[in-house]
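Colleague: Sharing query-v4.cif below, mmCIF, N, CA and C atoms:
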data_upload
loop_
_atom_site.label_atom_id
_atom_site.label_comp_id
_atom_site.auth_asym_id
_atom_site.auth_seq_id
_atom_site.Cartn_x
_atom_site.Cartn_y
_atom_site.Cartn_z
N MET A 910 203.55 10.39 40.79
CA MET A 910 204.55 10.57 39.76
C MET A 910 205.93 10.29 40.37
N LYS A 911 206.78 9.64 39.63
CA LYS A 911 208.14 9.33 40.08
C LYS A 911 209.11 10.34 39.48
N HIS A 912 209.99 10.87 40.33
CA HIS A 912 210.99 11.85 39.91
C HIS A 912 212.37 11.27 40.17
N GLU A 913 213.28 11.49 39.21
CA GLU A 913 214.68 11.09 39.36
C GLU A 913 215.48 12.33 39.73
N GLY A 914 216.37 12.19 40.70
CA GLY A 914 217.16 13.32 41.12
C GLY A 914 218.59 12.93 41.44
N SER A 915 219.43 13.93 41.56
CA SER A 915 220.83 13.67 41.90
C SER A 915 221.52 14.97 42.27
N CYS A 916 222.72 14.80 42.82
CA CYS A 916 223.63 15.93 42.96
C CYS A 916 224.19 16.24 41.57
N HIS A 917 225.08 17.21 41.47
CA HIS A 917 225.61 17.59 40.16
C HIS A 917 226.45 16.50 39.52
N CYS A 918 227.31 15.85 40.29
CA CYS A 918 228.22 14.85 39.72
C CYS A 918 227.60 13.45 39.63
N GLY A 919 226.44 13.24 40.26
CA GLY A 919 225.77 11.95 40.19
C GLY A 919 226.17 10.96 41.27
N ARG A 920 227.06 11.36 42.16
CA ARG A 920 227.49 10.45 43.23
C ARG A 920 226.34 10.13 44.18
N ILE A 921 225.40 11.08 44.32
CA ILE A 921 224.18 10.85 45.08
C ILE A 921 223.02 10.90 44.09
N ALA A 922 222.36 9.76 43.91
CA ALA A 922 221.22 9.69 43.00
C ALA A 922 220.07 9.04 43.74
N PHE A 923 218.85 9.44 43.39
CA PHE A 923 217.68 8.94 44.09
C PHE A 923 216.44 9.04 43.21
N GLU A 924 215.41 8.36 43.64
CA GLU A 924 214.07 8.49 43.08
C GLU A 924 213.15 8.90 44.22
N VAL A 925 212.18 9.71 43.90
CA VAL A 925 211.19 10.10 44.90
C VAL A 925 209.83 10.11 44.21
N GLU A 926 208.83 9.63 44.93
CA GLU A 926 207.51 9.52 44.34
C GLU A 926 206.55 10.48 45.02
N GLY A 927 205.74 11.14 44.21
CA GLY A 927 204.72 12.05 44.72
C GLY A 927 204.47 13.19 43.74
N ASP A 928 203.44 13.95 44.04
CA ASP A 928 203.09 15.11 43.22
C ASP A 928 203.58 16.37 43.93
N ILE A 929 204.32 17.18 43.22
CA ILE A 929 204.86 18.40 43.80
C ILE A 929 203.80 19.49 43.67
N GLY A 930 203.14 19.79 44.77
CA GLY A 930 202.13 20.84 44.75
C GLY A 930 202.72 22.19 45.05
N GLU A 931 203.54 22.25 46.08
CA GLU A 931 204.17 23.50 46.46
C GLU A 931 205.50 23.20 47.11
N VAL A 932 206.35 24.20 47.15
CA VAL A 932 207.67 24.06 47.74
C VAL A 932 207.90 25.19 48.73
N ILE A 933 208.88 24.99 49.58
CA ILE A 933 209.22 25.96 50.62
C ILE A 933 210.54 26.64 50.26
N ASP A 934 210.58 27.94 50.40
CA ASP A 934 211.81 28.73 50.28
C ASP A 934 212.12 29.24 51.68
N CYS A 935 213.04 28.55 52.36
CA CYS A 935 213.38 28.85 53.74
C CYS A 935 214.49 29.89 53.81
N ASN A 936 214.42 30.77 54.81
CA ASN A 936 215.43 31.81 54.97
C ASN A 936 216.36 31.57 56.17
N CYS A 937 216.43 30.32 56.64
CA CYS A 937 217.36 30.05 57.75
C CYS A 937 218.79 30.27 57.27
N SER A 938 219.72 30.28 58.20
CA SER A 938 221.10 30.61 57.86
C SER A 938 221.71 29.65 56.84
N LEU A 939 221.27 28.41 56.80
CA LEU A 939 221.78 27.46 55.81
C LEU A 939 221.04 27.59 54.47
N CYS A 940 219.74 27.55 54.51
CA CYS A 940 218.95 27.56 53.26
C CYS A 940 219.14 28.83 52.45
N ARG A 941 219.25 29.97 53.12
CA ARG A 941 219.41 31.21 52.33
C ARG A 941 220.75 31.23 51.61
N ARG A 942 221.74 30.54 52.14
CA ARG A 942 223.04 30.45 51.46
C ARG A 942 223.03 29.40 50.36
N ARG A 943 222.32 28.31 50.62
CA ARG A 943 222.30 27.18 49.68
C ARG A 943 221.35 27.42 48.52
N GLY A 944 220.23 28.10 48.77
CA GLY A 944 219.32 28.46 47.69
C GLY A 944 218.40 27.34 47.21
N GLY A 945 218.17 26.33 48.01
CA GLY A 945 217.29 25.24 47.60
C GLY A 945 215.82 25.60 47.71
N LEU A 946 215.00 24.85 46.99
CA LEU A 946 213.55 24.91 47.13
C LEU A 946 213.13 23.53 47.63
N LEU A 947 212.47 23.48 48.78
CA LEU A 947 212.23 22.22 49.47
C LEU A 947 210.82 21.70 49.31
N TRP A 948 210.75 20.42 48.98
CA TRP A 948 209.49 19.70 48.85
C TRP A 948 209.53 18.61 49.91
N PHE A 949 208.56 18.62 50.82
CA PHE A 949 208.54 17.67 51.93
C PHE A 949 207.70 16.45 51.58
N VAL A 950 208.30 15.27 51.77
CA VAL A 950 207.65 13.99 51.48
C VAL A 950 207.97 13.00 52.59
N PRO A 951 207.14 11.98 52.78
CA PRO A 951 207.52 10.91 53.71
C PRO A 951 208.84 10.28 53.24
N ARG A 952 209.76 10.05 54.17
CA ARG A 952 211.09 9.53 53.81
C ARG A 952 211.00 8.22 53.03
N GLU A 953 209.98 7.43 53.31
CA GLU A 953 209.84 6.14 52.64
C GLU A 953 209.61 6.28 51.13
N THR A 954 209.21 7.46 50.66
CA THR A 954 209.00 7.66 49.22
C THR A 954 210.28 8.00 48.48
N LEU A 955 211.38 8.23 49.22
CA LEU A 955 212.66 8.54 48.61
C LEU A 955 213.55 7.30 48.68
N VAL A 956 214.02 6.86 47.52
CA VAL A 956 214.86 5.67 47.43
C VAL A 956 216.22 6.06 46.87
N LEU A 957 217.26 5.84 47.66
CA LEU A 957 218.62 6.11 47.19
C LEU A 957 219.00 5.09 46.12
N LYS A 958 219.62 5.55 45.06
CA LYS A 958 220.11 4.68 43.98
C LYS A 958 221.62 4.50 44.07
N THR A 959 222.24 5.17 45.01
CA THR A 959 223.68 5.11 45.23
C THR A 959 223.92 4.75 46.69
N PRO A 960 225.12 4.33 47.06
CA PRO A 960 225.36 3.91 48.44
C PRO A 960 225.13 5.02 49.47
N GLU A 961 224.50 4.66 50.57
CA GLU A 961 224.24 5.62 51.64
C GLU A 961 225.55 6.21 52.17
N GLY A 962 226.61 5.44 52.09
CA GLY A 962 227.92 5.92 52.54
C GLY A 962 228.46 7.09 51.75
N ASP A 963 227.89 7.37 50.58
CA ASP A 963 228.32 8.51 49.77
C ASP A 963 227.71 9.82 50.26
N LEU A 964 226.75 9.74 51.17
CA LEU A 964 226.13 10.95 51.71
C LEU A 964 227.06 11.57 52.77
N SER A 965 227.31 12.83 52.64
CA SER A 965 227.93 13.59 53.73
C SER A 965 226.79 14.30 54.42
N THR A 966 226.93 14.54 55.71
CA THR A 966 225.81 15.08 56.48
C THR A 966 226.26 16.23 57.37
N TYR A 967 225.42 17.24 57.42
CA TYR A 967 225.68 18.40 58.26
C TYR A 967 224.44 18.65 59.12
N THR A 968 224.66 18.93 60.40
CA THR A 968 223.57 19.36 61.27
C THR A 968 224.00 20.65 61.95
N PHE A 969 223.03 21.44 62.37
CA PHE A 969 223.34 22.68 63.09
C PHE A 969 222.16 23.05 63.97
N ASN A 970 222.32 24.09 64.74
CA ASN A 970 221.30 24.59 65.65
C ASN A 970 220.85 23.49 66.60
N LYS A 971 219.65 22.98 66.47
CA LYS A 971 219.14 21.95 67.38
C LYS A 971 219.52 20.54 66.94
N HIS A 972 220.17 20.40 65.79
CA HIS A 972 220.66 19.12 65.26
C HIS A 972 219.54 18.11 65.00
N HIS A 973 218.35 18.60 64.67
CA HIS A 973 217.22 17.70 64.36
C HIS A 973 217.23 17.27 62.90
N ILE A 974 217.66 18.15 62.02
CA ILE A 974 217.61 17.87 60.58
C ILE A 974 219.00 17.43 60.11
N ARG A 975 219.05 16.29 59.40
CA ARG A 975 220.29 15.82 58.80
C ARG A 975 220.31 16.32 57.35
N HIS A 976 221.11 17.35 57.11
CA HIS A 976 221.23 17.95 55.78
C HIS A 976 222.29 17.16 55.02
N HIS A 977 221.87 16.42 54.00
CA HIS A 977 222.79 15.58 53.23
C HIS A 977 223.32 16.35 52.02
N PHE A 978 224.59 16.13 51.74
CA PHE A 978 225.20 16.77 50.58
C PHE A 978 226.29 15.85 50.03
N CYS A 979 226.74 16.16 48.83
CA CYS A 979 227.80 15.39 48.18
C CYS A 979 229.14 16.03 48.49
N ALA A 980 230.06 15.25 49.03
CA ALA A 980 231.40 15.77 49.35
C ALA A 980 232.20 16.05 48.08
N ALA A 981 231.83 15.45 46.95
CA ALA A 981 232.57 15.65 45.70
C ALA A 981 232.18 16.96 45.01
N CYS A 982 230.87 17.21 44.83
CA CYS A 982 230.45 18.40 44.09
C CYS A 982 229.80 19.47 44.97
N GLY A 983 229.46 19.13 46.21
CA GLY A 983 228.93 20.11 47.15
C GLY A 983 227.43 20.32 47.12
N ILE A 984 226.74 19.69 46.20
CA ILE A 984 225.29 19.90 46.07
C ILE A 984 224.54 19.15 47.18
N ALA A 985 223.48 19.78 47.69
CA ALA A 985 222.66 19.22 48.76
C ALA A 985 221.29 18.82 48.22
N PRO A 986 221.11 17.55 47.84
CA PRO A 986 219.85 17.14 47.21
C PRO A 986 218.69 16.91 48.17
N PHE A 987 218.96 16.58 49.43
CA PHE A 987 217.86 16.38 50.38
C PHE A 987 218.38 16.35 51.80
N GLY A 988 217.44 16.52 52.71
CA GLY A 988 217.70 16.38 54.13
C GLY A 988 216.64 15.48 54.71
N GLU A 989 216.80 15.08 55.96
CA GLU A 989 215.77 14.25 56.57
C GLU A 989 215.71 14.49 58.07
N ALA A 990 214.50 14.32 58.60
CA ALA A 990 214.25 14.50 60.03
C ALA A 990 212.88 13.94 60.36
N ALA A 991 212.64 13.76 61.63
CA ALA A 991 211.31 13.36 62.09
C ALA A 991 210.42 14.60 62.13
N HIS A 992 209.19 14.44 61.68
CA HIS A 992 208.21 15.53 61.75
C HIS A 992 208.03 15.89 63.22
N PRO A 993 208.11 17.17 63.58
CA PRO A 993 208.08 17.54 64.99
C PRO A 993 206.76 17.21 65.71
N LYS A 994 205.67 17.11 64.98
CA LYS A 994 204.37 16.83 65.62
C LYS A 994 203.99 15.36 65.58
N THR A 995 204.35 14.66 64.49
CA THR A 995 203.90 13.27 64.33
C THR A 995 204.99 12.24 64.55
N GLY A 996 206.25 12.66 64.44
CA GLY A 996 207.35 11.72 64.56
C GLY A 996 207.64 10.95 63.28
N THR A 997 206.83 11.16 62.24
CA THR A 997 207.02 10.50 60.95
C THR A 997 208.33 10.97 60.33
N LEU A 998 209.13 10.03 59.83
CA LEU A 998 210.38 10.40 59.16
C LEU A 998 210.06 11.05 57.82
N MET A 999 210.59 12.25 57.62
CA MET A 999 210.32 13.04 56.42
C MET A 999 211.62 13.33 55.68
N ALA A 1000 211.49 13.58 54.39
CA ALA A 1000 212.62 14.04 53.57
C ALA A 1000 212.25 15.41 53.02
N ALA A 1001 213.22 16.30 53.02
CA ALA A 1001 213.07 17.62 52.41
C ALA A 1001 213.90 17.59 51.14
N VAL A 1002 213.25 17.38 50.01
CA VAL A 1002 213.92 17.23 48.72
C VAL A 1002 214.13 18.60 48.09
N ASN A 1003 215.35 18.86 47.67
CA ASN A 1003 215.65 20.09 46.95
C ASN A 1003 215.20 19.88 45.50
N VAL A 1004 214.08 20.50 45.12
CA VAL A 1004 213.53 20.27 43.78
C VAL A 1004 214.45 20.80 42.68
N ARG A 1005 215.41 21.62 43.04
CA ARG A 1005 216.40 22.06 42.04
C ARG A 1005 217.30 20.90 41.61
N CYS A 1006 217.25 19.80 42.35
CA CYS A 1006 218.01 18.59 42.01
C CYS A 1006 217.18 17.58 41.23
N LEU A 1007 215.98 17.97 40.82
CA LEU A 1007 215.10 17.14 40.00
C LEU A 1007 215.03 17.78 38.62
N PRO A 1008 215.90 17.38 37.69
CA PRO A 1008 216.05 18.10 36.43
C PRO A 1008 214.80 18.18 35.56
N GLU A 1009 213.86 17.28 35.72
CA GLU A 1009 212.67 17.29 34.87
C GLU A 1009 211.57 18.22 35.39
N VAL A 1010 211.74 18.77 36.58
CA VAL A 1010 210.71 19.62 37.17
C VAL A 1010 210.82 21.04 36.63
N ASP A 1011 209.67 21.58 36.19
CA ASP A 1011 209.60 22.95 35.72
C ASP A 1011 209.49 23.87 36.93
N LEU A 1012 210.58 24.47 37.33
CA LEU A 1012 210.60 25.31 38.53
C LEU A 1012 209.66 26.51 38.42
N ALA A 1013 209.49 27.04 37.22
CA ALA A 1013 208.64 28.21 37.03
C ALA A 1013 207.17 27.90 37.31
N GLY A 1014 206.79 26.63 37.22
CA GLY A 1014 205.40 26.25 37.43
C GLY A 1014 205.06 25.92 38.87
N LEU A 1015 206.01 26.04 39.79
CA LEU A 1015 205.78 25.67 41.18
C LEU A 1015 205.24 26.83 42.00
N MET A 1016 204.40 26.50 42.99
CA MET A 1016 203.97 27.49 43.96
C MET A 1016 205.03 27.51 45.07
N VAL A 1017 205.69 28.66 45.24
CA VAL A 1017 206.76 28.79 46.22
C VAL A 1017 206.24 29.56 47.43
N ASN A 1018 206.34 28.91 48.61
CA ASN A 1018 205.90 29.53 49.85
C ASN A 1018 207.12 29.89 50.70
N PRO A 1019 207.23 31.15 51.11
CA PRO A 1019 208.34 31.52 51.99
C PRO A 1019 208.14 30.94 53.38
N PHE A 1020 209.23 30.54 54.02
CA PHE A 1020 209.18 30.03 55.40
C PHE A 1020 210.24 30.76 56.21
N ASP A 1021 209.85 31.31 57.33
CA ASP A 1021 210.77 32.09 58.16
C ASP A 1021 211.54 31.19 59.11
N GLY A 1022 212.45 30.41 58.57
CA GLY A 1022 213.30 29.54 59.38
C GLY A 1022 214.28 30.33 60.22
N ALA A 1023 214.57 31.55 59.84
CA ALA A 1023 215.48 32.39 60.61
C ALA A 1023 214.90 32.74 61.98
N ALA A 1024 213.58 32.69 62.10
CA ALA A 1024 212.92 33.04 63.35
C ALA A 1024 212.89 31.86 64.34
N LEU A 1025 213.28 30.69 63.90
CA LEU A 1025 213.22 29.53 64.80
C LEU A 1025 214.37 29.50 65.78
#
Could you render the structure as structure tokens?
Modeller:
Amino acid sequence: MKHEGSCHCGRIAFEVEGDIGEVIDCNCSLCRRRGGLLWFVPRETLVLKTPEGDLSTYTFNKHHIRHHFCAACGIAPFGEAAHPKTGTLMAAVNVRCLPEVDLAGLMVNPFDGAAL
């Protein structure tokens, strides 16, 4: 299934393909403040519809994950990093930025990112 997503103002827009089975609710210092629900997909399934130069990026702690956000509206639609075990480039899509997704129907799994 193909999903259309964006930040609030639309400056960052993308499509991502796949079936959303479950999402992660991370409690790390960034995620607990941001409040996203993360769906992990191979990066190649996410296609930007807007210029890559419109992405602002934040890294912290070990600087492995590039957390992308919109400098205009502040919304963080996705991040990306290499999978720590396989090296495969992955995207962590904030499903709250996919307006057609029924959030109430998702299986939400807590992840203790604060312990890392």
Colleague: Report the residues of stretch 935-1013 of chain A whose backbone DSSP state falls under alpha helix (DSSP H), written as number ranges by chain.
Modeller: A: 940-943
Colleague: Would you kindly translate the PyMOL selection byres ((chain A and resi 987-999) around 5) into the concrete residues it picks from this file, as a JSON list (two decimals) with N, CA and C atoms, in the frame of the given file?
Modeller:
[["chain", "number", "residue", "atom", "x", "y", "z"],
["A", 950, "VAL", "N", 208.30, 15.27, 51.77],
["A", 950, "VAL", "CA", 207.65, 13.99, 51.48],
["A", 950, "VAL", "C", 207.97, 13.00, 52.59],
["A", 951, "PRO", "N", 207.14, 11.98, 52.78],
["A", 951, "PRO", "CA", 207.52, 10.91, 53.71],
["A", 951, "PRO", "C", 208.84, 10.28, 53.24],
["A", 952, "ARG", "N", 209.76, 10.05, 54.17],
["A", 952, "ARG", "CA", 211.09, 9.53, 53.81],
["A", 952, "ARG", "C", 211.00, 8.22, 53.03],
["A", 973, "HIS", "N", 218.35, 18.60, 64.67],
["A", 973, "HIS", "CA", 217.22, 17.70, 64.36],
["A", 973, "HIS", "C", 217.23, 17.27, 62.90],
["A", 974, "ILE", "N", 217.66, 18.15, 62.02],
["A", 974, "ILE", "CA", 217.61, 17.87, 60.58],
["A", 974, "ILE", "C", 219.00, 17.43, 60.11],
["A", 975, "ARG", "N", 219.05, 16.29, 59.40],
["A", 975, "ARG", "CA", 220.29, 15.82, 58.80],
["A", 975, "ARG", "C", 220.31, 16.32, 57.35],
["A", 976, "HIS", "N", 221.11, 17.35, 57.11],
["A", 976, "HIS", "CA", 221.23, 17.95, 55.78],
["A", 976, "HIS", "C", 222.29, 17.16, 55.02],
["A", 977, "HIS", "N", 221.87, 16.42, 54.00],
["A", 977, "HIS", "CA", 222.79, 15.58, 53.23],
["A", 977, "HIS", "C", 223.32, 16.35, 52.02],
["A", 985, "ALA", "N", 223.48, 19.78, 47.69],
["A", 985, "ALA", "CA", 222.66, 19.22, 48.76],
["A", 985, "ALA", "C", 221.29, 18.82, 48.22],
["A", 986, "PRO", "N", 221.11, 17.55, 47.84],
["A", 986, "PRO", "CA", 219.85, 17.14, 47.21],
["A", 986, "PRO", "C", 218.69, 16.91, 48.17],
["A", 1000, "ALA", "N", 211.49, 13.58, 54.39],
["A", 1000, "ALA", "CA", 212.62, 14.04, 53.57],
["A", 1000, "ALA", "C", 212.25, 15.41, 53.02],
["A", 1001, "ALA", "N", 213.22, 16.30, 53.02],
["A", 1001, "ALA", "CA", 213.07, 17.62, 52.41],
["A", 1001, "ALA", "C", 213.90, 17.59, 51.14],
["A", 1002, "VAL", "N", 213.25, 17.38, 50.01],
["A", 1002, "VAL", "CA", 213.92, 17.23, 48.72],
["A", 1002, "VAL", "C", 214.13, 18.60, 48.09],
["A", 1003, "ASN", "N", 215.35, 18.86, 47.67],
["A", 1003, "ASN", "CA", 215.65, 20.09, 46.95],
["A", 1003, "ASN", "C", 215.20, 19.88, 45.50]]
Colleague: Please list as a PyMOL selection string every residue within 9 Å of stretch 982-984 of chain A, counting only C-alpha atoms and excluding residues in the same chain fewer than 2 positions away.
Modeller: chain A and resi 915-920+943+977-980+986+1006
Colleague: Using all atoms listed in the file, pick whichever of A:Val1004, A:Ile929, A:Ile921, A:Cys935 has the shortest atom-to-atom distance to A:Asp1021.
Modeller: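 Of A:Val1004, A:Ile929, A:Ile921, A:Cys935, the one nearest A:Asp1021 is A:Cys935, counting all atoms listed in the file.
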Colleague: From the DSSP assignment of the backbone, select every residue of stretch 936-994 of chain A that is strand (DSSP E), and format the answer as a ChimeraX atom specification.
Modeller: /A:947-951,955-957,964-967,975-979,987-991
Colleague: Just so the selection is clear, what residues does the PyMOL selection byres (((chain A and resi 956 and name CA) around 10) and name CA) cover here, as a list in words?
Modeller: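 That expression, the PyMOL selection byres (((chain A and resi 956 and name CA) around 10) and name CA), corresponds here to Glu913, Ala922, Phe923, Glu924, Val925, Glu926, Arg952, Glu953, Thr954, Leu955, Leu957, Lys958 and Thr959 of chain A.
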